[in-house]
file upload.txt (compact mmCIF, C-alpha atoms)
# COMPACT_ATOMS: atom_id res chain seq x y z
CA LEU C 1 22.98 1.68 24.96
CA LEU C 2 19.51 0.21 25.13
CA SER C 3 18.80 -2.74 27.42
CA PHE C 4 15.96 -4.92 26.22
CA VAL C 5 14.51 -7.11 28.98
CA LEU C 6 11.92 -9.80 28.42
CA ALA C 7 10.38 -10.07 31.87
CA GLU C 8 8.60 -12.91 33.71
CA SER C 9 9.25 -15.03 30.65
CA ALA C 10 7.51 -18.36 30.15
CA LEU C 11 10.87 -20.14 29.93
CA GLU C 12 11.79 -22.84 32.45
CA LEU C 13 12.85 -26.45 32.76
CA VAL C 14 10.07 -28.97 33.43
CA PRO C 15 9.25 -28.51 37.14
CA LYS C 16 9.54 -31.44 39.58
CA GLU C 17 5.76 -31.85 40.04
CA ILE C 18 5.19 -33.08 36.49
CA ARG C 19 8.46 -34.78 35.57
CA GLY C 20 6.83 -38.18 35.97
CA SER C 21 3.72 -37.38 33.91
CA PRO C 22 3.14 -39.37 30.71
CA SER C 23 3.54 -36.44 28.27
CA VAL C 24 6.83 -35.37 29.84
CA ALA C 25 8.16 -38.93 30.18
CA SER C 26 7.41 -39.81 26.57
CA ASP C 27 8.94 -36.54 25.36
CA ALA C 28 12.10 -37.23 27.39
CA ARG C 29 12.28 -40.82 26.14
CA ARG C 30 11.86 -39.76 22.52
CA ARG C 31 14.64 -37.20 22.88
CA GLY C 32 16.84 -39.49 24.97
CA VAL C 33 17.35 -36.97 27.78
CA ASP C 34 16.36 -36.75 31.44
CA PRO C 35 13.04 -34.97 32.13
CA SER C 36 14.86 -32.55 34.44
CA GLY C 37 16.81 -31.16 31.48
CA ILE C 38 13.85 -30.52 29.19
CA LEU C 39 12.30 -27.13 28.54
CA LEU C 40 8.66 -26.88 29.60
CA ASP C 41 6.67 -26.48 26.39
CA ARG C 42 2.92 -26.21 26.22
CA SER C 43 2.89 -27.78 22.76
CA PHE C 44 4.10 -31.07 24.20
CA HIS C 45 3.26 -30.99 27.90
CA HIS C 46 -0.17 -29.43 27.75
CA SER C 47 -2.06 -32.17 29.61
CA ALA C 48 0.51 -32.36 32.41
CA MET C 49 0.63 -28.57 32.69
CA THR C 50 -2.98 -28.24 33.77
CA ARG C 51 -1.75 -29.31 37.21
CA LEU C 52 0.68 -26.39 37.45
CA ARG C 53 -0.03 -23.13 39.22
CA ASP C 54 -0.32 -20.18 36.81
CA SER C 55 -0.29 -22.75 34.04
CA GLU C 56 -1.61 -20.44 31.33
CA ARG C 57 1.42 -18.15 31.68
CA ARG C 58 4.05 -20.90 31.49
CA GLY C 59 5.80 -23.12 28.97
CA ARG C 60 6.10 -20.80 25.96
CA PRO C 61 9.76 -20.88 24.87
CA ASP C 62 8.50 -20.35 21.30
CA LEU C 63 7.26 -16.89 22.26
CA VAL C 64 10.63 -16.05 23.84
CA HIS C 65 12.43 -17.34 20.77
CA VAL C 66 10.50 -15.30 18.20
CA THR C 67 10.79 -12.15 20.31
CA LEU C 68 14.56 -12.57 20.62
CA LEU C 69 14.87 -13.11 16.86
CA ASN C 70 13.08 -9.83 16.26
CA VAL C 71 15.46 -7.91 18.49
CA THR C 72 18.68 -9.66 17.46
CA GLY C 73 17.94 -9.30 13.75
CA THR C 74 17.87 -5.49 13.86
CA PRO C 75 20.74 -3.29 12.69
CA LEU C 76 20.70 -1.59 16.11
CA TYR C 77 21.48 -4.92 17.80
CA LEU C 78 24.00 -5.96 15.18
CA GLU C 79 25.87 -2.71 15.82
CA GLY C 80 26.08 -3.56 19.51
CA ARG C 81 23.68 -0.85 20.67
CA VAL C 82 21.07 -3.12 22.23
CA LYS C 83 21.78 -5.63 24.94
CA VAL C 84 19.30 -8.44 25.55
CA TYR C 85 18.24 -10.16 28.75
CA VAL C 86 15.61 -12.78 29.44
CA HIS C 87 14.23 -12.78 32.97
CA THR C 88 12.26 -15.95 33.68
CA ARG C 89 9.25 -16.27 35.95
CA ASP C 90 11.30 -18.29 38.43
CA ASP C 91 14.02 -15.63 38.57
CA VAL C 92 16.80 -16.74 36.28
CA ILE C 93 18.51 -14.10 34.15
CA VAL C 94 19.72 -15.26 30.75
CA GLU C 95 22.15 -12.76 29.28
CA PHE C 96 23.29 -12.53 25.66
CA ARG C 97 26.68 -11.03 24.98
CA GLU C 98 26.60 -8.03 22.64
CA LYS C 99 25.90 -8.88 19.00
CA THR C 100 25.45 -12.59 19.79
CA ARG C 101 23.18 -14.20 17.23
CA ILE C 102 20.71 -16.82 18.36
CA PRO C 103 19.72 -19.92 16.37
CA LYS C 104 16.78 -19.29 14.06
CA ASN C 105 15.85 -22.95 14.24
CA TYR C 106 13.61 -23.54 17.23
CA LEU C 107 15.05 -26.93 18.14
CA ARG C 108 18.56 -25.49 18.26
CA PHE C 109 17.30 -22.60 20.37
CA ARG C 110 15.57 -25.07 22.69
CA GLY C 111 18.80 -27.07 23.01
CA LEU C 112 20.74 -23.88 23.80
CA MET C 113 18.28 -22.76 26.46
CA GLU C 114 18.22 -26.22 28.06
CA LYS C 115 22.02 -26.26 28.24
CA VAL C 116 22.15 -22.77 29.68
CA LEU C 117 19.43 -23.37 32.28
CA VAL C 118 21.02 -26.66 33.40
CA GLU C 119 24.68 -25.62 33.38
CA ARG C 120 24.34 -21.92 34.28
CA PRO C 121 27.49 -20.86 32.41
CA GLU C 122 29.12 -17.53 33.29
CA GLY C 123 30.97 -15.21 30.95
CA GLU C 124 29.91 -17.11 27.82
CA LEU C 125 28.13 -15.79 24.73
CA VAL C 126 24.94 -16.84 26.51
CA SER C 127 25.12 -17.03 30.28
CA ALA C 128 22.61 -17.61 33.06
CA ARG C 129 22.40 -16.93 36.77
CA ASN C 130 19.84 -16.89 39.55
CA ALA C 131 18.65 -13.33 39.98
CA GLY C 132 15.42 -11.43 40.11
CA LEU C 133 14.36 -8.64 37.80
CA LYS C 134 15.04 -6.06 40.51
CA GLU C 135 18.63 -7.20 40.89
CA LEU C 136 19.13 -7.03 37.13
CA VAL C 137 17.54 -3.65 36.60
CA ARG C 138 18.53 -1.81 39.77
CA LYS C 139 21.98 -3.30 40.45
CA ALA C 140 23.43 -4.65 37.21
CA LEU C 141 21.97 -2.19 34.72
CA SER C 142 20.97 0.83 36.81
CA PRO C 143 19.59 2.62 33.76
CA ASP C 144 18.65 6.28 33.53
CA PHE C 145 15.12 5.40 32.54
CA VAL C 146 12.93 2.28 32.63
CA VAL C 147 9.88 1.95 30.41
CA GLY C 148 7.47 -0.98 30.48
CA LEU C 149 5.26 -1.95 27.55
CA SER C 150 1.78 -3.11 28.47
CA VAL C 151 -1.83 -2.82 27.34
CA GLN C 152 -2.41 -1.38 30.80
CA GLY C 153 -0.05 1.52 30.08
CA SER C 154 -0.82 5.03 28.87
CA PRO C 155 -1.14 5.37 25.11
CA MET C 156 2.01 6.64 23.43
CA GLU C 157 2.75 6.94 19.75
CA PRO C 158 5.63 4.45 19.13
CA GLY C 159 7.61 7.05 17.17
CA MET C 160 7.47 9.30 20.21
CA LEU C 161 8.66 6.49 22.47
CA GLY C 162 11.56 5.84 20.10
CA LYS C 163 12.57 9.50 20.20
CA GLN C 164 12.38 9.55 23.98
CA LEU C 165 14.52 6.45 24.33
CA ALA C 166 17.05 7.55 21.72
CA VAL C 167 18.15 10.59 23.72
CA ILE C 168 18.68 8.66 26.96
CA GLU C 169 22.18 7.39 27.66
CA GLU C 170 21.14 4.15 29.36
CA ALA C 171 17.54 3.21 28.72
CA CYS C 172 15.84 -0.02 29.67
CA VAL C 173 12.79 -1.41 27.89
CA ILE C 174 10.77 -4.13 29.60
CA VAL C 175 8.39 -6.32 27.61
CA GLY C 176 6.42 -9.22 29.06
CA GLY C 177 7.65 -12.66 28.00
CA PHE C 178 4.34 -14.38 28.73
CA PRO C 179 1.32 -15.20 26.54
CA ARG C 180 -1.40 -13.55 28.65
CA GLY C 181 -1.99 -11.47 31.74
CA HIS C 182 -0.06 -8.48 33.00
CA PHE C 183 3.18 -7.59 34.77
CA SER C 184 3.40 -8.57 38.43
CA PRO C 185 3.41 -5.77 41.02
CA SER C 186 7.13 -6.32 41.63
CA THR C 187 7.88 -5.77 37.94
CA LEU C 188 5.64 -2.72 37.85
CA SER C 189 7.54 -1.24 40.79
CA LEU C 190 10.68 -1.11 38.63
CA VAL C 191 8.98 0.66 35.76
CA GLU C 192 9.07 4.46 35.66
CA GLU C 193 6.66 4.79 32.79
CA LEU C 194 4.16 2.19 31.62
CA VAL C 195 3.05 2.71 28.03
CA ARG C 196 1.05 1.03 25.30
CA ILE C 197 2.04 1.63 21.69
CA ASP C 198 -1.20 0.45 20.09
CA ASP C 199 -4.85 0.54 20.97
CA ARG C 200 -5.01 -3.19 20.25
CA PRO C 201 -3.17 -5.78 22.33
CA LEU C 202 0.03 -6.81 20.52
CA GLU C 203 2.09 -9.95 20.94
CA ALA C 204 5.52 -9.58 22.54
CA HIS C 205 7.42 -10.23 19.31
CA VAL C 206 5.52 -7.51 17.48
CA VAL C 207 6.05 -5.00 20.29
CA ALA C 208 9.76 -5.85 20.40
CA ALA C 209 10.22 -5.36 16.65
CA ARG C 210 8.42 -2.02 16.69
CA VAL C 211 10.10 -0.51 19.72
CA VAL C 212 13.62 -1.35 18.55
CA TYR C 213 12.79 -0.11 15.07
CA GLU C 214 11.52 3.20 16.39
CA VAL C 215 14.62 3.72 18.53
CA GLU C 216 16.70 2.97 15.46
CA ARG C 217 14.73 5.44 13.35
CA ALA C 218 15.18 8.14 15.95
CA LEU C 219 18.90 7.47 16.39
CA PHE C 220 19.86 7.06 12.77
CA SER C 221 17.88 10.01 11.52
CA THR C 222 19.92 12.31 13.75
CA ASN C 223 23.30 10.58 13.95
CA ARG C 224 23.83 9.49 10.37
CA LEU V 1 -5.62 -4.78 0.41
CA LEU V 2 -1.95 -5.59 0.60
CA SER V 3 -0.66 -8.92 -0.70
CA PHE V 4 2.48 -10.09 1.01
CA VAL V 5 4.38 -12.70 -0.99
CA LEU V 6 7.40 -14.60 0.28
CA ALA V 7 9.07 -15.61 -2.98
CA GLU V 8 11.36 -18.51 -3.92
CA SER V 9 11.01 -19.69 -0.33
CA ALA V 10 13.31 -22.35 1.10
CA LEU V 11 10.32 -24.54 1.93
CA GLU V 12 9.96 -28.00 0.36
CA LEU V 13 9.58 -31.66 1.18
CA VAL V 14 12.79 -33.72 1.23
CA PRO V 15 13.60 -34.26 -2.46
CA LYS V 16 13.93 -37.78 -3.90
CA GLU V 17 17.73 -37.64 -4.30
CA ILE V 18 18.40 -37.62 -0.58
CA ARG V 19 15.45 -39.51 0.90
CA GLY V 20 17.67 -42.51 1.52
CA SER V 21 20.52 -40.59 3.14
CA PRO V 22 21.40 -41.40 6.77
CA SER V 23 20.41 -38.00 8.22
CA VAL V 24 17.01 -38.05 6.50
CA ALA V 25 16.35 -41.72 7.28
CA SER V 26 17.14 -41.32 10.97
CA ASP V 27 15.01 -38.17 11.18
CA ALA V 28 12.10 -39.99 9.52
CA ARG V 29 12.52 -43.02 11.81
CA ARG V 30 12.62 -40.86 14.93
CA ARG V 31 9.46 -39.08 13.88
CA GLY V 32 7.77 -42.22 12.65
CA VAL V 33 6.92 -40.81 9.22
CA ASP V 34 7.95 -41.54 5.65
CA PRO V 35 10.91 -39.47 4.37
CA SER V 36 8.76 -38.23 1.48
CA GLY V 37 6.50 -36.39 3.93
CA ILE V 38 9.23 -34.56 5.85
CA LEU V 39 10.11 -30.91 5.41
CA LEU V 40 13.67 -30.36 4.22
CA ASP V 41 15.47 -28.65 7.10
CA ARG V 42 19.11 -27.68 7.08
CA SER V 43 19.34 -28.12 10.84
CA PHE V 44 18.76 -31.85 10.49
CA HIS V 45 19.68 -32.72 6.92
CA HIS V 46 22.78 -30.61 6.52
CA SER V 47 25.19 -33.38 5.51
CA ALA V 48 22.77 -34.87 2.96
CA MET V 49 21.97 -31.42 1.56
CA THR V 50 25.51 -30.81 0.33
CA ARG V 51 24.56 -33.06 -2.59
CA LEU V 52 21.65 -30.83 -3.62
CA ARG V 53 21.82 -28.19 -6.30
CA ASP V 54 21.50 -24.64 -4.91
CA SER V 55 21.86 -26.21 -1.50
CA GLU V 56 22.67 -22.98 0.36
CA ARG V 57 19.30 -21.52 -0.58
CA ARG V 58 17.20 -24.49 0.50
CA GLY V 59 15.80 -26.15 3.61
CA ARG V 60 15.03 -23.11 5.78
CA PRO V 61 11.42 -23.51 6.96
CA ASP V 62 12.45 -21.72 10.16
CA LEU V 63 13.07 -18.54 8.18
CA VAL V 64 9.66 -18.83 6.50
CA HIS V 65 8.04 -19.44 9.87
CA VAL V 66 9.49 -16.41 11.65
CA THR V 67 8.70 -14.15 8.69
CA LEU V 68 5.09 -15.33 8.62
CA LEU V 69 4.76 -14.75 12.37
CA ASN V 70 5.92 -11.18 11.90
CA VAL V 71 3.30 -10.48 9.27
CA THR V 72 0.42 -12.38 10.87
CA GLY V 73 0.99 -10.79 14.27
CA THR V 74 0.38 -7.26 13.01
CA PRO V 75 -2.87 -5.35 13.54
CA LEU V 76 -3.04 -4.79 9.78
CA TYR V 77 -3.16 -8.54 9.19
CA LEU V 78 -5.53 -9.17 12.07
CA GLU V 79 -7.94 -6.66 10.54
CA GLY V 80 -7.89 -8.60 7.28
CA ARG V 81 -5.99 -5.97 5.30
CA VAL V 82 -2.97 -8.11 4.43
CA LYS V 83 -3.14 -11.40 2.61
CA VAL V 84 -0.18 -13.77 2.81
CA TYR V 85 1.25 -16.16 0.23
CA VAL V 86 4.33 -18.35 0.30
CA HIS V 87 5.77 -19.17 -3.09
CA THR V 88 8.30 -22.00 -2.88
CA ARG V 89 11.39 -22.43 -5.02
CA ASP V 90 9.80 -25.43 -6.74
CA ASP V 91 6.64 -23.48 -7.58
CA VAL V 92 4.06 -24.33 -4.99
CA ILE V 93 1.83 -21.53 -3.70
CA VAL V 94 0.77 -21.81 -0.08
CA GLU V 95 -2.12 -19.45 0.63
CA PHE V 96 -3.37 -18.37 4.04
CA ARG V 97 -7.00 -17.36 4.34
CA GLU V 98 -7.52 -13.82 5.66
CA LYS V 99 -6.77 -13.40 9.37
CA THR V 100 -5.65 -17.03 9.72
CA ARG V 101 -3.19 -17.38 12.60
CA ILE V 102 -0.26 -19.72 12.24
CA PRO V 103 1.20 -21.84 15.05
CA LYS V 104 3.91 -20.03 16.97
CA ASN V 105 5.49 -23.33 17.89
CA TYR V 106 7.88 -24.40 15.13
CA LEU V 107 7.09 -28.10 15.33
CA ARG V 108 3.39 -27.42 14.90
CA PHE V 109 4.17 -25.12 11.98
CA ARG V 110 6.38 -27.83 10.45
CA GLY V 111 3.57 -30.35 10.85
CA LEU V 112 1.12 -27.96 9.20
CA MET V 113 3.41 -27.27 6.23
CA GLU V 114 4.13 -31.00 5.75
CA LYS V 115 0.41 -31.76 5.70
CA VAL V 116 -0.31 -28.94 3.28
CA LEU V 117 2.54 -29.81 0.91
CA VAL V 118 1.62 -33.50 0.88
CA GLU V 119 -2.17 -33.17 0.69
CA ARG V 120 -2.49 -29.93 -1.31
CA PRO V 121 -5.82 -28.95 0.25
CA GLU V 122 -7.99 -26.38 -1.54
CA GLY V 123 -10.31 -23.85 0.06
CA GLU V 124 -8.99 -24.49 3.56
CA LEU V 125 -7.57 -21.99 6.05
CA VAL V 126 -4.21 -22.93 4.59
CA SER V 127 -4.23 -24.29 1.06
CA ALA V 128 -1.59 -25.22 -1.50
CA ARG V 129 -1.40 -25.67 -5.24
CA ASN V 130 1.18 -25.99 -7.98
CA ALA V 131 1.74 -22.58 -9.49
CA GLY V 132 4.58 -20.26 -10.27
CA LEU V 133 5.04 -16.77 -8.95
CA LYS V 134 3.99 -15.30 -12.28
CA GLU V 135 0.67 -17.12 -12.21
CA LEU V 136 0.04 -15.91 -8.66
CA VAL V 137 0.99 -12.30 -9.22
CA ARG V 138 -0.24 -11.71 -12.77
CA LYS V 139 -3.32 -13.94 -12.87
CA ALA V 140 -4.59 -14.48 -9.34
CA LEU V 141 -3.68 -11.16 -7.74
CA SER V 142 -3.18 -8.78 -10.69
CA PRO V 143 -2.24 -5.94 -8.34
CA ASP V 144 -1.97 -2.27 -9.25
CA PHE V 145 1.64 -2.16 -8.14
CA VAL V 146 4.35 -4.73 -7.35
CA VAL V 147 7.35 -3.82 -5.23
CA GLY V 148 10.24 -6.16 -4.47
CA LEU V 149 12.51 -5.80 -1.43
CA SER V 150 16.17 -6.54 -2.07
CA VAL V 151 19.63 -5.28 -1.16
CA GLN V 152 20.05 -4.87 -4.91
CA GLY V 153 17.19 -2.37 -5.04
CA SER V 154 17.27 1.42 -4.97
CA PRO V 155 17.41 2.93 -1.50
CA MET V 156 14.05 4.07 -0.20
CA GLU V 157 13.16 5.32 3.24
CA PRO V 158 10.77 2.67 4.65
CA GLY V 159 8.29 5.33 5.80
CA MET V 160 8.12 6.56 2.22
CA LEU V 161 7.51 3.03 0.94
CA GLY V 162 4.72 2.60 3.48
CA LYS V 163 3.06 5.83 2.33
CA GLN V 164 3.35 4.78 -1.30
CA LEU V 165 1.80 1.38 -0.66
CA ALA V 166 -0.94 2.75 1.57
CA VAL V 167 -2.51 4.81 -1.22
CA ILE V 168 -2.60 1.92 -3.70
CA GLU V 169 -5.81 -0.10 -3.89
CA GLU V 170 -4.17 -3.47 -4.56
CA ALA V 171 -0.46 -3.50 -3.77
CA CYS V 172 1.82 -6.51 -3.76
CA VAL V 173 5.03 -6.73 -1.73
CA ILE V 174 7.54 -9.43 -2.60
CA VAL V 175 10.22 -10.46 -0.09
CA GLY V 176 12.72 -13.26 -0.65
CA GLY V 177 12.09 -16.37 1.44
CA PHE V 178 15.67 -17.63 1.16
CA PRO V 179 18.72 -17.19 3.41
CA ARG V 180 21.15 -15.80 0.84
CA GLY V 181 21.47 -14.66 -2.74
CA HIS V 182 19.05 -12.60 -4.80
CA PHE V 183 15.78 -12.89 -6.68
CA SER V 184 15.84 -14.94 -9.87
CA PRO V 185 15.39 -13.11 -13.19
CA SER V 186 11.86 -14.48 -13.50
CA THR V 187 10.91 -12.98 -10.13
CA LEU V 188 12.57 -9.69 -11.03
CA SER V 189 10.52 -9.54 -14.23
CA LEU V 190 7.35 -9.31 -12.12
CA VAL V 191 8.62 -6.49 -9.95
CA GLU V 192 7.84 -2.92 -11.00
CA GLU V 193 10.07 -1.31 -8.43
CA LEU V 194 12.96 -2.95 -6.60
CA VAL V 195 13.87 -1.18 -3.36
CA ARG V 196 16.05 -1.59 -0.32
CA ILE V 197 14.88 -0.10 2.96
CA ASP V 198 18.23 -0.15 4.75
CA ASP V 199 21.84 0.34 3.77
CA ARG V 200 22.64 -2.91 5.58
CA PRO V 201 21.34 -6.31 4.46
CA LEU V 202 18.34 -7.29 6.58
CA GLU V 203 16.87 -10.72 7.17
CA ALA V 204 13.48 -11.48 5.63
CA HIS V 205 11.65 -11.46 8.96
CA VAL V 206 12.98 -8.00 9.84
CA VAL V 207 12.08 -6.60 6.41
CA ALA V 208 8.59 -8.10 6.67
CA ALA V 209 7.95 -6.59 10.10
CA ARG V 210 9.11 -3.15 9.00
CA VAL V 211 7.27 -2.95 5.70
CA VAL V 212 3.93 -4.02 7.17
CA TYR V 213 4.42 -1.65 10.08
CA GLU V 214 5.12 1.27 7.79
CA VAL V 215 2.04 0.55 5.68
CA GLU V 216 0.04 0.40 8.90
CA ARG V 217 1.48 3.70 10.12
CA ALA V 218 0.62 5.37 6.83
CA LEU V 219 -2.90 3.93 6.73
CA PHE V 220 -3.86 4.49 10.32
CA SER V 221 -2.47 7.98 10.58
CA THR V 222 -4.83 9.10 7.81
CA ASN V 223 -7.84 6.81 8.20
CA ARG V 224 -8.33 6.84 11.96

call {"tool": "encode", "arguments": {"input": "upload.txt", "output": "structure tokens"}}
result
Amino acid sequence: LLSFVLAESALELVPKEIRGSPSVASDARRRGVDPSGILLDRSFHHSAMTRLRDSERRGRPDLVHVTLLNVTGTPLYLEGRVKVYVHTRDDVIVEFREKTRIPKNYLRFRGLMEKVLVERPEGELVSARNAGLKELVRKALSPDFVVGLSVQGSPMEPGMLGKQLAVIEEACVIVGGFPRGHFSPSTLSLVEELVRIDDRPLEAHVVAARVVYEVERALFSTNR
Amino acid sequence: LLSFVLAESALELVPKEIRGSPSVASDARRRGVDPSGILLDRSFHHSAMTRLRDSERRGRPDLVHVTLLNVTGTPLYLEGRVKVYVHTRDDVIVEFREKTRIPKNYLRFRGLMEKVLVERPEGELVSARNAGLKELVRKALSPDFVVGLSVQGSPMEPGMLGKQLAVIEEACVIVGGFPRGHFSPSTLSLVEELVRIDDRPLEAHVVAARVVYEVERALFSTNR
């Protein structure tokens, strides 16, 4: 089983500091919901977000969505051989039960994430709890091998990475769920090998598609 | 150069027949726009859509969006070696100028597509015109080879397809931009080889990511 973890993801509810700002208030009014239950989204809250710390790494649920679609659409996932987790920058773990499909429509995905982050359901198809990446990786998953994908990593041919991962019983792949910058030191401390699969920087959704595909190629060429 | 064509795509403005329906009217009111300028979207117009012919193949701009993101996020595209076209089921061709990035946020993408379908700009980063798939493929592109991806095609290992496409000067790849069903006979008549790259049915965005990646692998392993 492969665990796919999107780490430090730019997915969070609108933080207290900017709930009263005009862009957030008008968004909440238009949608008829309380600002505290709205997903922070740079496309709508850009002006208010300039006041937030680390602003350029926050409020990108679209990026999380597209990356999840690329993992959950693969045969490997649909056969129950990949499990998906989203770790958010404020330490919430969103967990997707095996083979669970996620809405392809962004607004439905947004609604699902808002519900999950507000209600923190347990044992559902999509559940959420307060936990850091270390707790997820070391305690809950305790994989045999943890690889992180980053432009700061050592170059590795993606086919080679797929072959490596395919022979490991419990492997964990960590991809950054943020639009720019690098993994934090605490994330890096969990990673046994940091690799880059291209000499150009790739977006998270492209990395996700390629890594899962290469694991699939390696597995299915030997096991089928 | 590779031309990537999303054919018979489920992308259109709300058709006349259902512009007055409650779900469309309330959507238009909420957004403050005329129903004639709104993208048909199953997530919002589901009940009204049951009255449309071929309803189950229509109103999926989300699918088009995610597929485009998977092509336009690749190094091959970013180097200007893939050109992207969306052919819609009612014969509009949306053309993206080389290396043009598309919004990752769905609502911004929706806004862009609505503008383009209403205004039909020419010579812009994203342009649109009335034309069928045949006119695009035979007249505008006139490629050396046209391959269609379909579960009805002959099995072909995706790496092999990538190698085949990589050695062709002007190749055209056609993927279906609809959620279910198969290519129409008129699309099939343009396809020289119909292939499937997996023994399981794959969604358009997964097929798109894999085909472009395999062409890239084939090109870069020889040319770099």

call {"tool": "atom_distance", "arguments": {"input": "upload.txt", "atom1": "CA of Arg53 (chain V)", "atom2": "CA of Arg89 (chain V)"}}
result
12.0 Å

call {"tool": "atom_distance", "arguments": {"input": "upload.txt", "atom1": "CA of Ile18 (chain C)", "atom2": "CA of Leu52 (chain C)"}}
result
8.1 Å

call {"tool": "atom_distance", "arguments": {"input": "upload.txt", "atom1": "CA of Asp54 (chain V)", "atom2": "CA of Val92 (chain V)"}}
result
17.4 Å

call {"tool": "interface_residues", "arguments": {"input": "upload.txt", "of": "chain V", "to": "chain C", "cutoff": "8 Å", "atoms": "all atoms listed in the file", "output": "list in words"}}
result
Arg30, Ser43, Asp62, Leu63, Val66, Asn70, Gly73, Thr74, Pro75, Lys104, Asn105, Tyr106, Arg108, Arg200, Leu202, Glu203, His205, Val206, Ala209, Arg210 and Tyr213 of chain V

call {"tool": "write_last_selection", "arguments": {"input": "upload.txt", "atoms": "C-alpha atoms", "output": "PDB file, in the frame of the given file"}}
result
ATOM      1  CA  ARG V  30      12.620 -40.860  14.930  1.00  0.00           C
ATOM      2  CA  SER V  43      19.340 -28.120  10.840  1.00  0.00           C
ATOM      3  CA  ASP V  62      12.450 -21.720  10.160  1.00  0.00           C
ATOM      4  CA  LEU V  63      13.070 -18.540   8.180  1.00  0.00           C
ATOM      5  CA  VAL V  66       9.490 -16.410  11.650  1.00  0.00           C
ATOM      6  CA  ASN V  70       5.920 -11.180  11.900  1.00  0.00           C
ATOM      7  CA  GLY V  73       0.990 -10.790  14.270  1.00  0.00           C
ATOM      8  CA  THR V  74       0.380  -7.260  13.010  1.00  0.00           C
ATOM      9  CA  PRO V  75      -2.870  -5.350  13.540  1.00  0.00           C
ATOM     10  CA  LYS V 104       3.910 -20.030  16.970  1.00  0.00           C
ATOM     11  CA  ASN V 105       5.490 -23.330  17.890  1.00  0.00           C
ATOM     12  CA  TYR V 106       7.880 -24.400  15.130  1.00  0.00           C
ATOM     13  CA  ARG V 108       3.390 -27.420  14.900  1.00  0.00           C
ATOM     14  CA  ARG V 200      22.640  -2.910   5.580  1.00  0.00           C
ATOM     15  CA  LEU V 202      18.340  -7.290   6.580  1.00  0.00           C
ATOM     16  CA  GLU V 203      16.870 -10.720   7.170  1.00  0.00           C
ATOM     17  CA  HIS V 205      11.650 -11.460   8.960  1.00  0.00           C
ATOM     18  CA  VAL V 206      12.980  -8.000   9.840  1.00  0.00           C
ATOM     19  CA  ALA V 209       7.950  -6.590  10.100  1.00  0.00           C
ATOM     20  CA  ARG V 210       9.110  -3.150   9.000  1.00  0.00           C
ATOM     21  CA  TYR V 213       4.420  -1.650  10.080  1.00  0.00           C
TER      22      TYR V 213
END

call {"tool": "closest_residue", "arguments": {"input": "upload.txt", "among": "V:Ala128, V:Val82, V:Met49, V:Leu117", "to": "Val94 (chain V)", "atoms": "all atoms listed in the file"}}
result
V:Ala128

call {"tool": "closest_residue", "arguments": {"input": "upload.txt", "among": "V:Glu192, V:Gly176, V:Asp34, V:Ser23", "to": "Asp144 (chain V)", "atoms": "all atoms listed in the file"}}
result
V:Glu192

call {"tool": "residues_around", "arguments": {"input": "upload.txt", "residues": "Ser142 (chain C)", "least_positions_apart": "5", "cutoff": "12 Å", "atoms": "all atoms listed in the file", "output": "PDB file with C-alpha atoms, in the coordinates of the input"}}
result
ATOM      1  CA  LEU C   2      19.510   0.210  25.130  1.00  0.00           C
ATOM      2  CA  SER C   3      18.800  -2.740  27.420  1.00  0.00           C
ATOM      3  CA  LEU C 133      14.360  -8.640  37.800  1.00  0.00           C
ATOM      4  CA  LYS C 134      15.040  -6.060  40.510  1.00  0.00           C
ATOM      5  CA  GLU C 135      18.630  -7.200  40.890  1.00  0.00           C
ATOM      6  CA  LEU C 136      19.130  -7.030  37.130  1.00  0.00           C
ATOM      7  CA  VAL C 137      17.540  -3.650  36.600  1.00  0.00           C
ATOM      8  CA  GLU C 169      22.180   7.390  27.660  1.00  0.00           C
ATOM      9  CA  GLU C 170      21.140   4.150  29.360  1.00  0.00           C
ATOM     10  CA  ALA C 171      17.540   3.210  28.720  1.00  0.00           C
ATOM     11  CA  CYS C 172      15.840  -0.020  29.670  1.00  0.00           C
ATOM     12  CA  LEU C 190      10.680  -1.110  38.630  1.00  0.00           C
TER      13      LEU C 190
END
